[in-house]
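One structure is given below, encoded as structure tokens.
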Amino acid sequence: MDQAIIQKSLEIFEPLLKKVGAELRRKFLNKDFQVSEKAKQELVTTADKLSENYILTAIKENFPDHHILSEESGEVENDSQSPYLWVVDPVDGTTNFVYRNPFFAISISLFYAKEVVLGLIYNPILEEMYIAQKGGGAWCNGQALRVSDEQYLENLKMTYCYGAGKKSRMDALKLHCYFKEHGDIRQLGSSALELALLARGVTDVFMVPGALRWDVGAGVLLVREAGGKVIDFHGEDWHYDSADMLAGNGKSERKVLPIIQKLL
């Protein structure tokens, strides 16, 4: 991994995400966007497309040999043998955006040989910029982040999301019903920001059946660099090809994992 690429990426994308975020904020507040359905129960807006265009253009201009995976455009093919891959979610929480719920973000991550090494998440409404570098810590607007130290199951503050497909929705429903009966769990609608809340120590556990890379890539690194742990439903470290994701503070996820394995 070339540290110069990481530094150049930060110099490019931190101001770019703020610029794009300002446009998203204006469109959100003025309801200046159109909505369509790209698949059953999956929405896309003209704001998603605008954000994606800005980000993909910047990647192609500055890192033309890097690979790209974006939620809206899929894999952007090239013939490069580069080990670098950008994973982009131009608006994480599109349904929230459409419902005029301000809990949404722009999320981009950089993988090197399938290992996430850089993540940026920007909340345009609160103007919060989350940044994590592998080995460089996790930050929000320049302030270091640290996960909670809660370890008692009955006290855990939990959130969840789910990926595409019927199985992930049904698995999420099972988790929701169990943890609602034995405590509390919430679905907030933006995986990136839910991982950011975990990294800040606001929540203690976040789980995603059918986790999608563009939803969680940046947030995974944020949690790890804030002292947390991210695994899959088998208890192994989460990686690029993992099917599911469970994040915690290093203790909390181990309390929840046996329950998930029993339920699913």
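By order of appearance in the structure tokens: chains A, B, ..., then residues from 1 within every chain, and ligands from 1 in the order shown.
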
Identify, on the basis of only C-alpha atoms, every residue whose closest approach to Ala243 of chain A does not exceed 10 Å; exclude the query and any residue fewer than 4 positions from it along the same chain; express the result as a PyMOL selection string. chain A and resi 163+168+208-213+232-234+238-239

Selection to disk with N, CA and C atoms, as a compact mmCIF listing (two decimals), in the first residue's frame:
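Output (selection34.txt):
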# COMPACT_ATOMS: atom_id res chain seq x y z
N GLY A 163 -29.31 -6.50 3.69
CA GLY A 163 -28.96 -6.31 2.29
C GLY A 163 -30.12 -6.60 1.35
N SER A 168 -32.19 -12.01 3.37
CA SER A 168 -31.63 -11.03 4.30
C SER A 168 -32.73 -10.29 5.05
N VAL A 208 -25.82 -6.84 10.26
CA VAL A 208 -26.37 -6.76 8.91
C VAL A 208 -26.39 -8.13 8.24
N PRO A 209 -27.52 -8.80 8.19
CA PRO A 209 -27.62 -9.98 7.33
C PRO A 209 -27.54 -9.53 5.86
N GLY A 210 -26.73 -10.21 5.08
CA GLY A 210 -26.60 -9.85 3.67
C GLY A 210 -25.91 -8.52 3.47
N ALA A 211 -24.85 -8.25 4.22
CA ALA A 211 -24.16 -6.95 4.15
C ALA A 211 -23.61 -6.68 2.76
N LEU A 212 -23.82 -5.47 2.28
CA LEU A 212 -23.31 -5.05 0.97
C LEU A 212 -22.08 -4.18 1.16
N ARG A 213 -21.07 -4.40 0.34
CA ARG A 213 -19.77 -3.76 0.53
C ARG A 213 -19.86 -2.24 0.54
N ASP A 232 -18.01 -11.65 10.91
CA ASP A 232 -19.18 -12.15 10.20
C ASP A 232 -19.99 -13.05 11.13
N PHE A 233 -21.04 -13.65 10.64
CA PHE A 233 -21.91 -14.45 11.50
C PHE A 233 -21.31 -15.80 11.85
N HIS A 234 -20.13 -16.10 11.30
CA HIS A 234 -19.39 -17.30 11.70
C HIS A 234 -18.35 -16.98 12.77
N TRP A 238 -14.50 -9.80 9.51
CA TRP A 238 -15.19 -9.39 8.29
C TRP A 238 -14.16 -9.06 7.22
N HIS A 239 -14.44 -9.48 5.99
CA HIS A 239 -13.56 -9.16 4.87
C HIS A 239 -14.42 -8.88 3.64

For Leu85 of chain A, list every protein, DNA or RNA residue within 7 Å, evaluated using only C-alpha atoms, and leave out those in the same chain fewer than 2 positions away; present the list as a CSV table (one decimal) with N, CA and C atoms, in the first residue's frame.
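File written: part_11.csv
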chain,number,residue,atom,x,y,z
A,66,HIS,N,-7.2,2.5,-11.1
A,66,HIS,CA,-7.9,1.9,-9.9
A,66,HIS,C,-9.3,1.4,-10.4
A,67,HIS,N,-9.7,0.3,-9.8
A,67,HIS,CA,-11.0,-0.3,-10.0
A,67,HIS,C,-12.1,0.4,-9.2
A,68,ILE,N,-13.3,0.3,-9.7
A,68,ILE,CA,-14.5,1.0,-9.0
A,68,ILE,C,-15.6,0.0,-8.9
A,83,PRO,N,-4.1,-3.3,-7.5
A,83,PRO,CA,-4.8,-3.9,-6.4
A,83,PRO,C,-5.8,-3.0,-5.7
A,87,VAL,N,-14.9,1.6,-3.4
A,87,VAL,CA,-16.2,1.1,-3.2
A,87,VAL,C,-17.1,2.3,-2.8
A,110,LEU,N,-11.7,2.8,0.2
A,110,LEU,CA,-10.6,2.3,-0.7
A,110,LEU,C,-10.1,1.0,-0.1
A,111,PHE,N,-10.1,-0.1,-1.0
A,111,PHE,CA,-9.6,-1.4,-0.6
A,111,PHE,C,-8.2,-1.6,-1.4
A,112,TYR,N,-7.3,-2.2,-0.7
A,112,TYR,CA,-6.0,-2.6,-1.3
A,112,TYR,C,-5.9,-4.1,-1.1

For segment 96-188 of chain A versus segment 245-262 of chain A, which residues have an atom no more than 9 Å away, and what is each residue's nearest atom pair and distance in Å rounded to one decimal, using only C-alpha atoms, chain-then-number order, as JSON lines?
{"residue": "A:Arg146", "atom": "CA", "partner": "A:Asn249", "partner_atom": "CA", "distance": 8.9}
{"residue": "A:Val147", "atom": "CA", "partner": "A:Asn249", "partner_atom": "CA", "distance": 5.5}
{"residue": "A:Ser148", "atom": "CA", "partner": "A:Asn249", "partner_atom": "CA", "distance": 6.0}
{"residue": "A:Asp149", "atom": "CA", "partner": "A:Asn249", "partner_atom": "CA", "distance": 6.5}
{"residue": "A:Glu150", "atom": "CA", "partner": "A:Ser252", "partner_atom": "CA", "distance": 6.8}
{"residue": "A:Gln151", "atom": "CA", "partner": "A:Ser252", "partner_atom": "CA", "distance": 5.0}
{"residue": "A:Tyr152", "atom": "CA", "partner": "A:Ser252", "partner_atom": "CA", "distance": 7.5}
{"residue": "A:Leu153", "atom": "CA", "partner": "A:Lys255", "partner_atom": "CA", "distance": 6.3}
{"residue": "A:Leu156", "atom": "CA", "partner": "A:Ser252", "partner_atom": "CA", "distance": 7.4}
{"residue": "A:Leu175", "atom": "CA", "partner": "A:Ile260", "partner_atom": "CA", "distance": 7.2}

Closest contacts (segment 56-99 of chain A/segment 4-20 of chain A, max 10 Å, only C-alpha atoms) as JSON lines:
{"residue": "A:Ala58", "atom": "CA", "partner": "A:Ile12", "partner_atom": "CA", "distance": 7.9}
{"residue": "A:Ile59", "atom": "CA", "partner": "A:Ser9", "partner_atom": "CA", "distance": 8.9}
{"residue": "A:Asn62", "atom": "CA", "partner": "A:Ile12", "partner_atom": "CA", "distance": 8.6}
{"residue": "A:Phe63", "atom": "CA", "partner": "A:Ile5", "partner_atom": "CA", "distance": 8.9}
{"residue": "A:Tyr84", "atom": "CA", "partner": "A:Ile5", "partner_atom": "CA", "distance": 9.9}
{"residue": "A:Pro90", "atom": "CA", "partner": "A:Val20", "partner_atom": "CA", "distance": 9.4}

DSSP on the backbone, strand (DSSP E or B) only: what residues of segment 125-169 of chain A does that give? Format it as a list in words. Glu128, Met129, Tyr130, Ile131, Ala132, Gln133, Gly137, Ala138, Trp139, Cys140, Gln143, Ala144, Met158, Thr159 and Tyr160 of chain A

Export of prior selection with N, CA, C and O atoms as a PDB file, in the first residue's frame:
ATOM      1  N   GLU A 128     -20.962  16.428   9.315  1.00  0.00           N
ATOM      2  CA  GLU A 128     -20.006  15.597  10.038  1.00  0.00           C
ATOM      3  C   GLU A 128     -19.201  14.777   9.036  1.00  0.00           C
ATOM      4  O   GLU A 128     -19.765  14.022   8.242  1.00  0.00           O
ATOM      5  N   MET A 129     -17.873  14.928   9.090  1.00  0.00           N
ATOM      6  CA  MET A 129     -16.980  14.188   8.221  1.00  0.00           C
ATOM      7  C   MET A 129     -16.239  13.141   9.042  1.00  0.00           C
ATOM      8  O   MET A 129     -15.432  13.461   9.919  1.00  0.00           O
ATOM      9  N   TYR A 130     -16.530  11.878   8.754  1.00  0.00           N
ATOM     10  CA  TYR A 130     -15.851  10.764   9.413  1.00  0.00           C
ATOM     11  C   TYR A 130     -14.743  10.256   8.500  1.00  0.00           C
ATOM     12  O   TYR A 130     -14.984  10.015   7.307  1.00  0.00           O
ATOM     13  N   ILE A 131     -13.561  10.070   9.070  1.00  0.00           N
ATOM     14  CA  ILE A 131     -12.413   9.587   8.296  1.00  0.00           C
ATOM     15  C   ILE A 131     -11.690   8.516   9.098  1.00  0.00           C
ATOM     16  O   ILE A 131     -11.443   8.681  10.299  1.00  0.00           O
ATOM     17  N   ALA A 132     -11.345   7.420   8.420  1.00  0.00           N
ATOM     18  CA  ALA A 132     -10.535   6.378   9.044  1.00  0.00           C
ATOM     19  C   ALA A 132      -9.464   5.932   8.063  1.00  0.00           C
ATOM     20  O   ALA A 132      -9.743   5.723   6.878  1.00  0.00           O
ATOM     21  N   GLN A 133      -8.239   5.814   8.547  1.00  0.00           N
ATOM     22  CA  GLN A 133      -7.133   5.237   7.788  1.00  0.00           C
ATOM     23  C   GLN A 133      -6.643   4.004   8.525  1.00  0.00           C
ATOM     24  O   GLN A 133      -6.603   3.993   9.753  1.00  0.00           O
ATOM     25  N   GLY A 137      -6.192   5.648  12.956  1.00  0.00           N
ATOM     26  CA  GLY A 137      -7.263   6.095  13.837  1.00  0.00           C
ATOM     27  C   GLY A 137      -8.540   6.443  13.108  1.00  0.00           C
ATOM     28  O   GLY A 137      -8.614   6.423  11.880  1.00  0.00           O
ATOM     29  N   ALA A 138      -9.566   6.757  13.889  1.00  0.00           N
ATOM     30  CA  ALA A 138     -10.881   7.137  13.382  1.00  0.00           C
ATOM     31  C   ALA A 138     -11.234   8.506  13.932  1.00  0.00           C
ATOM     32  O   ALA A 138     -11.057   8.777  15.122  1.00  0.00           O
ATOM     33  N   TRP A 139     -11.793   9.349  13.065  1.00  0.00           N
ATOM     34  CA  TRP A 139     -11.988  10.751  13.423  1.00  0.00           C
ATOM     35  C   TRP A 139     -13.323  11.270  12.901  1.00  0.00           C
ATOM     36  O   TRP A 139     -13.819  10.815  11.868  1.00  0.00           O
ATOM     37  N   CYS A 140     -13.890  12.236  13.616  1.00  0.00           N
ATOM     38  CA  CYS A 140     -15.051  12.989  13.139  1.00  0.00           C
ATOM     39  C   CYS A 140     -14.759  14.470  13.317  1.00  0.00           C
ATOM     40  O   CYS A 140     -14.592  14.937  14.454  1.00  0.00           O
ATOM     41  N   GLN A 143     -11.897  15.122  15.585  1.00  0.00           N
ATOM     42  CA  GLN A 143     -11.935  14.601  16.944  1.00  0.00           C
ATOM     43  C   GLN A 143     -11.843  13.083  16.917  1.00  0.00           C
ATOM     44  O   GLN A 143     -12.593  12.412  16.196  1.00  0.00           O
ATOM     45  N   ALA A 144     -10.928  12.525  17.714  1.00  0.00           N
ATOM     46  CA  ALA A 144     -10.722  11.078  17.745  1.00  0.00           C
ATOM     47  C   ALA A 144     -11.946  10.359  18.297  1.00  0.00           C
ATOM     48  O   ALA A 144     -12.605  10.843  19.219  1.00  0.00           O
ATOM     49  N   MET A 158     -28.491  -1.508  20.336  1.00  0.00           N
ATOM     50  CA  MET A 158     -28.247  -2.211  19.078  1.00  0.00           C
ATOM     51  C   MET A 158     -29.026  -1.609  17.925  1.00  0.00           C
ATOM     52  O   MET A 158     -30.151  -1.126  18.102  1.00  0.00           O
ATOM     53  N   THR A 159     -28.428  -1.643  16.746  1.00  0.00           N
ATOM     54  CA  THR A 159     -29.129  -1.288  15.522  1.00  0.00           C
ATOM     55  C   THR A 159     -28.849  -2.373  14.483  1.00  0.00           C
ATOM     56  O   THR A 159     -27.946  -3.191  14.644  1.00  0.00           O
ATOM     57  N   TYR A 160     -29.642  -2.354  13.415  1.00  0.00           N
ATOM     58  CA  TYR A 160     -29.464  -3.368  12.377  1.00  0.00           C
ATOM     59  C   TYR A 160     -29.895  -2.822  11.028  1.00  0.00           C
ATOM     60  O   TYR A 160     -30.611  -1.819  10.927  1.00  0.00           O
TER      61      TYR A 160
END

Using only C-alpha atoms, find each residue of segment 138-174 of chain A with at least one atom at most 12 Å away from an atom of segment 23-47 of chain A; report its shortest atom-to-atom pair and that distance in Å (one decimal), sort the rows by chain and rising residue number, and return the result as a tab-separated table.
residue	atom	partner	partner_atom	distance
A:Gly163	CA	A:Glu42	CA	10.5
A:Ala164	CA	A:Glu42	CA	8.6
A:Gly165	CA	A:Lys40	CA	9.3
A:Lys166	CA	A:Lys40	CA	10.5
A:Arg169	CA	A:Gln41	CA	11.0

Limited to C-alpha atoms, could you put the picked residues into a file as a compact mmCIF listing (two decimals), in the first residue's frame?
# COMPACT_ATOMS: atom_id res chain seq x y z
CA GLY A 163 -28.96 -6.31 2.29
CA ALA A 164 -30.79 -7.12 -0.91
CA GLY A 165 -32.97 -10.19 -1.29
CA LYS A 166 -35.72 -11.95 0.62
CA ARG A 169 -34.99 -9.35 5.02

For atom CA of Glu71 of chain A and atom CA of Leu195 of chain A, the interatomic separation in Å (one decimal):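 Computing it gives 18.0 Å between the two atoms.
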
Atom CA of Leu118 of chain A to atom CA of Val216 of chain A, distance in Å rounded to a single decimal: 12.3 Å

Looking only at the backbone, which of the residues in segment 85-199 of chain A does DSSP tag as alpha helix (DSSP H), as a ChimeraX atom specification? /A:94-98,166-181,191-199

Using only C-alpha atoms, which of the listed residues (A:Glu72, A:Asp48, A:Glu77, A:Asp237) sits closest to Gly93 of chain A?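 Between A:Glu72, A:Asp48, A:Glu77, A:Asp237, the residue approaching Gly93 of chain A most closely is A:Asp48.
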
Using only C-alpha atoms, which residue out of A:Ile231, A:Tyr162, A:Arg224, A:Leu193 lies closest to Leu126 of chain A?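 Closest candidate: A:Leu193.
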